[in-house]
Structures are given as structure tokens and as C-alpha cells.
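Structure below is query-v6.txt: compact mmCIF, C-alpha atoms.
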# COMPACT_ATOMS: atom_id res chain seq x y z
CA MET A 1 34.42 21.69 54.98
CA ARG A 2 36.98 20.47 57.48
CA LEU A 3 38.99 18.86 54.68
CA LEU A 4 38.99 22.09 52.69
CA MET A 5 40.17 24.07 55.68
CA SER A 6 42.92 21.55 56.38
CA ALA A 7 43.99 21.66 52.74
CA GLY A 8 44.02 25.47 52.90
CA VAL A 9 46.10 25.45 56.04
CA LEU A 10 48.45 22.90 54.48
CA SER A 11 48.78 24.98 51.31
CA ALA A 12 49.57 28.09 53.34
CA ALA A 13 52.16 26.18 55.36
CA LEU A 14 53.81 24.79 52.22
CA LEU A 15 53.89 28.25 50.66
CA ALA A 16 55.48 29.67 53.80
CA VAL A 17 58.12 26.92 53.81
CA GLY A 18 58.78 27.50 50.12
CA CYS A 19 59.15 31.24 50.71
CA ALA A 20 61.46 30.66 53.65
CA GLN A 21 63.62 28.33 51.57
CA GLN A 22 63.64 30.75 48.66
CA GLY A 23 64.64 33.58 50.98
CA THR A 24 67.39 31.46 52.44
CA GLU A 25 68.79 30.68 49.02
CA ALA A 26 68.71 34.33 48.04
CA GLY A 27 70.40 35.27 51.28
CA ALA A 28 73.05 32.62 50.82
CA ALA A 29 73.82 33.91 47.34
CA THR A 30 74.61 37.31 48.85
CA GLY A 31 76.47 35.95 51.83
CA GLY A 32 73.43 34.95 53.85
CA THR A 33 73.33 37.96 56.14
CA THR A 34 69.74 38.34 57.21
CA SER A 35 70.01 41.66 58.98
CA THR A 36 72.24 44.01 60.90
CA GLY A 37 71.61 46.03 64.03
CA LEU A 38 69.45 43.34 65.60
CA GLY A 39 69.63 44.57 69.19
CA ALA A 40 71.24 43.31 72.35
CA ALA A 41 71.96 39.62 72.82
CA SER A 42 69.91 37.87 75.50
CA ASP A 43 71.76 35.99 78.20
CA PHE A 44 71.31 32.25 78.65
CA THR A 45 72.77 29.41 80.67
CA ALA A 46 73.54 25.96 79.29
CA ARG A 47 75.75 22.96 79.94
CA ASP A 48 78.78 22.11 77.86
CA LEU A 49 79.74 18.53 76.97
CA ASP A 50 81.71 18.20 80.21
CA GLY A 51 78.63 19.16 82.24
CA LYS A 52 79.97 22.59 83.15
CA THR A 53 77.58 25.53 83.29
CA VAL A 54 78.24 28.17 80.64
CA LYS A 55 76.62 31.61 80.64
CA LEU A 56 76.59 33.82 77.59
CA SER A 57 77.12 36.76 79.96
CA ASN A 58 80.60 35.38 80.70
CA TYR A 59 81.53 36.41 77.15
CA LEU A 60 79.27 39.42 76.50
CA GLY A 61 81.14 42.70 76.45
CA LYS A 62 84.49 40.90 76.38
CA GLN A 63 84.59 38.85 73.19
CA ALA A 64 82.97 38.66 69.79
CA ILE A 65 80.72 35.59 69.82
CA LEU A 66 79.36 33.35 67.11
CA LEU A 67 76.42 31.22 68.20
CA SER A 68 76.36 28.29 65.79
CA PHE A 69 73.10 26.35 65.94
CA CYS A 70 73.60 22.77 64.80
CA ALA A 71 72.28 19.24 65.28
CA THR A 72 73.54 15.69 64.87
CA TRP A 73 71.12 15.17 61.97
CA CYS A 74 72.26 18.28 60.05
CA GLU A 75 74.45 17.52 57.02
CA PRO A 76 75.06 21.20 56.11
CA CYS A 77 76.31 21.71 59.68
CA VAL A 78 78.92 19.01 59.13
CA ALA A 79 79.97 20.67 55.86
CA GLU A 80 80.38 24.01 57.67
CA PHE A 81 82.38 22.69 60.65
CA PRO A 82 85.86 22.63 59.01
CA HIS A 83 85.44 26.31 58.15
CA LEU A 84 84.26 27.16 61.67
CA ARG A 85 87.25 25.33 63.16
CA ARG A 86 89.65 27.35 61.00
CA LEU A 87 87.78 30.60 61.74
CA TYR A 88 87.99 29.91 65.47
CA ASP A 89 91.69 28.99 65.36
CA ALA A 90 92.53 32.11 63.35
CA ASN A 91 90.65 34.50 65.64
CA LYS A 92 90.43 33.14 69.20
CA ALA A 93 93.54 35.08 70.28
CA LYS A 94 91.84 38.26 69.01
CA GLY A 95 88.88 37.88 71.37
CA PHE A 96 86.58 35.60 69.34
CA VAL A 97 84.67 32.55 70.55
CA ILE A 98 82.29 30.16 68.85
CA LEU A 99 79.61 28.54 70.97
CA ALA A 100 78.00 25.63 69.16
CA ILE A 101 74.41 25.16 70.31
CA ALA A 102 73.34 21.55 69.75
CA MET A 103 69.58 21.62 69.19
CA ASP A 104 69.18 17.88 69.70
CA GLY A 105 66.25 16.98 71.90
CA PRO A 106 65.98 14.21 74.50
CA GLU A 107 65.88 11.48 71.84
CA THR A 108 69.27 12.38 70.27
CA VAL A 109 71.16 14.54 72.81
CA ALA A 110 73.22 11.52 73.92
CA ARG A 111 74.78 11.49 70.42
CA VAL A 112 76.14 15.02 70.71
CA PRO A 113 79.50 14.25 72.43
CA ALA A 114 80.45 11.62 69.83
CA PHE A 115 79.23 13.94 67.04
CA ALA A 116 81.41 16.78 68.37
CA ALA A 117 84.44 14.48 68.65
CA ARG A 118 83.90 12.98 65.19
CA ASN A 119 83.72 16.48 63.70
CA GLN A 120 86.74 17.64 65.72
CA LEU A 121 84.93 20.64 67.18
CA ASN A 122 87.61 22.70 68.91
CA PHE A 123 85.22 25.25 70.44
CA PRO A 124 82.65 24.87 73.22
CA VAL A 125 79.58 22.79 72.38
CA LEU A 126 76.50 23.45 74.49
CA THR A 127 73.37 21.33 74.65
CA ASP A 128 69.94 22.88 74.29
CA GLU A 129 67.85 19.82 74.99
CA ASP A 130 64.89 21.87 76.26
CA SER A 131 65.14 24.39 73.36
CA ARG A 132 65.36 27.45 75.62
CA ILE A 133 68.26 29.01 73.72
CA THR A 134 66.78 28.03 70.38
CA ALA A 135 63.50 29.71 71.34
CA ILE A 136 65.37 33.00 71.88
CA TYR A 137 67.69 33.04 68.88
CA ASN A 138 66.37 30.46 66.41
CA PRO A 139 62.64 29.87 66.89
CA GLN A 140 62.29 28.28 63.43
CA LYS A 141 64.99 25.76 64.43
CA SER A 142 67.02 26.36 61.28
CA ALA A 143 70.25 24.43 61.04
CA PRO A 144 72.81 25.62 60.61
CA LEU A 145 72.10 29.10 61.84
CA SER A 146 74.79 31.54 62.97
CA VAL A 147 74.27 34.59 65.16
CA LEU A 148 77.23 36.98 65.32
CA ILE A 149 77.45 39.13 68.45
CA ASP A 150 79.95 42.00 68.66
CA LYS A 151 82.15 42.82 71.66
CA GLN A 152 79.52 45.26 72.94
CA GLY A 153 76.95 42.44 73.18
CA ARG A 154 74.91 43.48 70.12
CA MET A 155 73.70 40.97 67.57
CA VAL A 156 75.08 42.21 64.27
CA ALA A 157 74.38 39.41 61.76
CA ILE A 158 72.33 36.28 61.37
CA ARG A 159 73.11 33.71 58.69
CA GLU A 160 70.80 30.84 57.88
CA GLY A 161 71.97 27.69 56.13
CA TYR A 162 75.31 26.90 54.59
CA ASN A 163 76.47 26.73 50.98
CA PRO A 164 80.10 26.41 49.89
CA GLY A 165 81.58 29.90 49.81
CA ASP A 166 79.45 31.24 52.68
CA GLU A 167 82.46 30.89 54.97
CA GLU A 168 84.11 33.79 53.15
CA TYR A 169 81.23 36.13 54.02
CA LEU A 170 81.24 34.95 57.62
CA ALA A 171 85.00 35.46 57.91
CA LYS A 172 84.63 39.02 56.59
CA ASP A 173 81.85 39.74 59.10
CA VAL A 174 83.96 38.38 61.98
CA ALA A 175 86.96 40.46 60.85
CA LYS A 176 84.83 43.62 60.81
CA VAL A 177 83.51 42.92 64.29
CA LEU A 178 86.98 42.17 65.66
CA ASP A 179 88.57 45.30 64.20
CA GLY A 180 85.72 47.44 65.53
CA SER A 181 84.69 48.76 62.12
CA THR A 182 81.09 49.12 61.13
CA ALA A 183 78.71 46.23 61.57
CA PRO A 184 78.51 43.65 58.77
CA GLN A 185 76.36 44.66 55.81
Hey, can you dump this file as C-alpha cells for me?
Amino acid sequence: MRLLMSAGVLSAALLAVGCAQQGTEAGAATGGTTSTGLGAASDFTARDLDGKTVKLSNYLGKQAILLSFCATWCEPCVAEFPHLRRLYDANKAKGFVILAIAMDGPETVARVPAFAARNQLNFPVLTDEDSRITAIYNPQKSAPLSVLIDKQGRMVAIREGYNPGDEEYLAKDVAKVLDGSTAPQ
């Protein structure tokens, strides 16, 4: 009986993972936007790679923010980084910031500074070793995962995963948020 229940639980878990992956692929094919009008962003505090304390509230209401959840073990994150660097360079003077949230735990967090340098990340990289930020914005620990927050502090789009071409959808969403037009669709 216990074996049957475990097999049933395992089957349900595999089905859920398969559905989540299928949903991600479908979302990526349409630009990956999960939803719009997601509510107000929750504040958090974290340390950057220089050990400085960074609060999301320092940016809320002043800048458009992209939270980019990544990890040293995430190959799609590495593929997305050149596009994020260009997006940041093109829009930082317009009031846009990217905050990379490294989801590495205690066993790999020491690799994050070298990972950021190797990938030439030109925007702030924050560590989330205790998963507090991830628990708020990315409880499934998807990587990469992007959360776009408008200048009023509202989450307007969430994108899970990365496939070549997704950067075009993200750039359009950022442009809409920066010009104050309607939220991304």
C-alpha cells in the first residue's frame, strides 16, 4: 500500500512538472509573459557582491525594475545575460535597473562573484542565500525568471525561462513600462 501511494504521489509530481514545463514552453512561444496586473511589489533587503545592503524600496516608485532570478548552475541564464546587459545599457538613463537575484545557496554562493565577472554583468547582483527573496517572487525557484516592476511599484509581467528571441518580448515590455503606456500584454 505504501509503495502504491508513493508511486501515486510520484506520478502526480511528474505530471505537475510536465505541465509546468509545457506551460513554460507555450508561454515562451508567445513571449513568455505569464500575467499582467500582478499587484504591488514586496520590499526586500539583500547584499550585493560588494557586501552593501540593497533595498528594493530604494528603487520602487522611482525606476522601472527587472528582477532577474539566476544561478551559477543555470545555462539558460548565461544565454540570456548578453541580452540583459544590452537592455540595461540601452535603458538605464531612462530610469531602468536590473537587479540580478542569485539563488545560489550556501554550497555555491561563493561562486557568484566569479560567475558575475565571467558573464560581465553590468548591473547589481544580489545574493539570496537564504531564499527569502525567492520565496516572495519565485517560490518554484525557476531559473531564469524575470519579474518586471513599473515605476509605480506594480509587478506588470513575469517571464519564466529563456529561449532565443524572448529578449525581443522583454525589450518591448520594458519600453512600454518606461514610456508609461499600458502594462505589457
Provide the CA of Cys77 in chain A to CA of Pro144 in chain A distance in Å, to one decimal place.
->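 Rounded to one decimal, the two atoms are 5.3 Å apart.
Nearest residue to Arg85 in chain A, choosing from A:Ile133, A:Ala46, A:Ala102, A:Ala116 and counting only C-alpha atoms: A:Ala116.
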Proximity to Val156 in chain A - best of A:Asp43, A:Asp48, A:Asp173, A:Glu75, only C-alpha atoms =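 Nearest candidate to Val156 in chain A out of A:Asp43, A:Asp48, A:Asp173, A:Glu75: A:Asp173.
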Closest of A:Gln63, A:Ser131, A:Thr108, A:Asn119 to Phe96 in chain A - atom-to-atom distances counting only C-alpha atoms | A:Gln63
Which is closest to Asn122 in chain A among A:Ala135, A:Ser142, A:Ala90, A:Val147, if we use only C-alpha atoms?
-> A:Ala90
Need the neighbours of (75.6, 42.1, 65.9): which residues are at most 10 Å away, counting only C-alpha atoms, as a PyMOL selection string?
-> chain A and resi 35-41+64-66+147-158+173-174+177+183-184
Between CA of Ala175 in chain A and CA of Asn163 in chain A, distance in Å (one decimal) =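 A separation of 19.9 Å between them.
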Can you tell me how far CA of Thr134 in chain A sits from CA of Leu170 in chain A, in Å to one decimal?
-> 20.5 Å
Tyr162 in chain A environment, 7 Å, all atoms listed in the file, sequence neighbours closer than 4 positions dropped, as a count of residues only | 4
Test item: residues at most 8 Å from Gly95 in chain A, all atoms listed in the file, excluding those fewer than 2 positions along its chain, as a list of chain:residue names = A:Lys62, A:Gln63, A:Ala64, A:Asn91, A:Lys92, A:Ala93, A:Val97, A:Leu178
Once you have the residues from the selection above, write them out as a PDB file, keeping the file's coordinate frame, restricted to C-alpha atoms.
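Writing the result to result00.pdb gives the following:
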ATOM      1  CA  LYS A  62      84.490  40.900  76.380  1.00  0.00           C
ATOM      2  CA  GLN A  63      84.590  38.850  73.190  1.00  0.00           C
ATOM      3  CA  ALA A  64      82.970  38.660  69.790  1.00  0.00           C
ATOM      4  CA  ASN A  91      90.650  34.500  65.640  1.00  0.00           C
ATOM      5  CA  LYS A  92      90.430  33.140  69.200  1.00  0.00           C
ATOM      6  CA  ALA A  93      93.540  35.080  70.280  1.00  0.00           C
ATOM      7  CA  VAL A  97      84.670  32.550  70.550  1.00  0.00           C
ATOM      8  CA  LEU A 178      86.980  42.170  65.660  1.00  0.00           C
TER       9      LEU A 178
END
From the set A:Lys141, A:Arg132, A:Lys176, A:Arg111, which residue has the shortest atom-to-atom contact distance to Leu49 in chain A, counting all atoms listed in the file?
->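 Of A:Lys141, A:Arg132, A:Lys176, A:Arg111, the one nearest Leu49 in chain A is A:Arg111, counting all atoms listed in the file.
In this comparison, which uses all atoms listed in the file, the residue of A:Gly180, A:Pro106, A:Pro124, A:Pro82 approaching Asp50 in chain A most closely is A:Pro124.
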Exercise: residues within 8 Å of coordinate (78.6, 33.5, 75.5), counting all atoms listed in the file, as a ChimeraX atom specification = /A:43,54-60,65,67,97,99
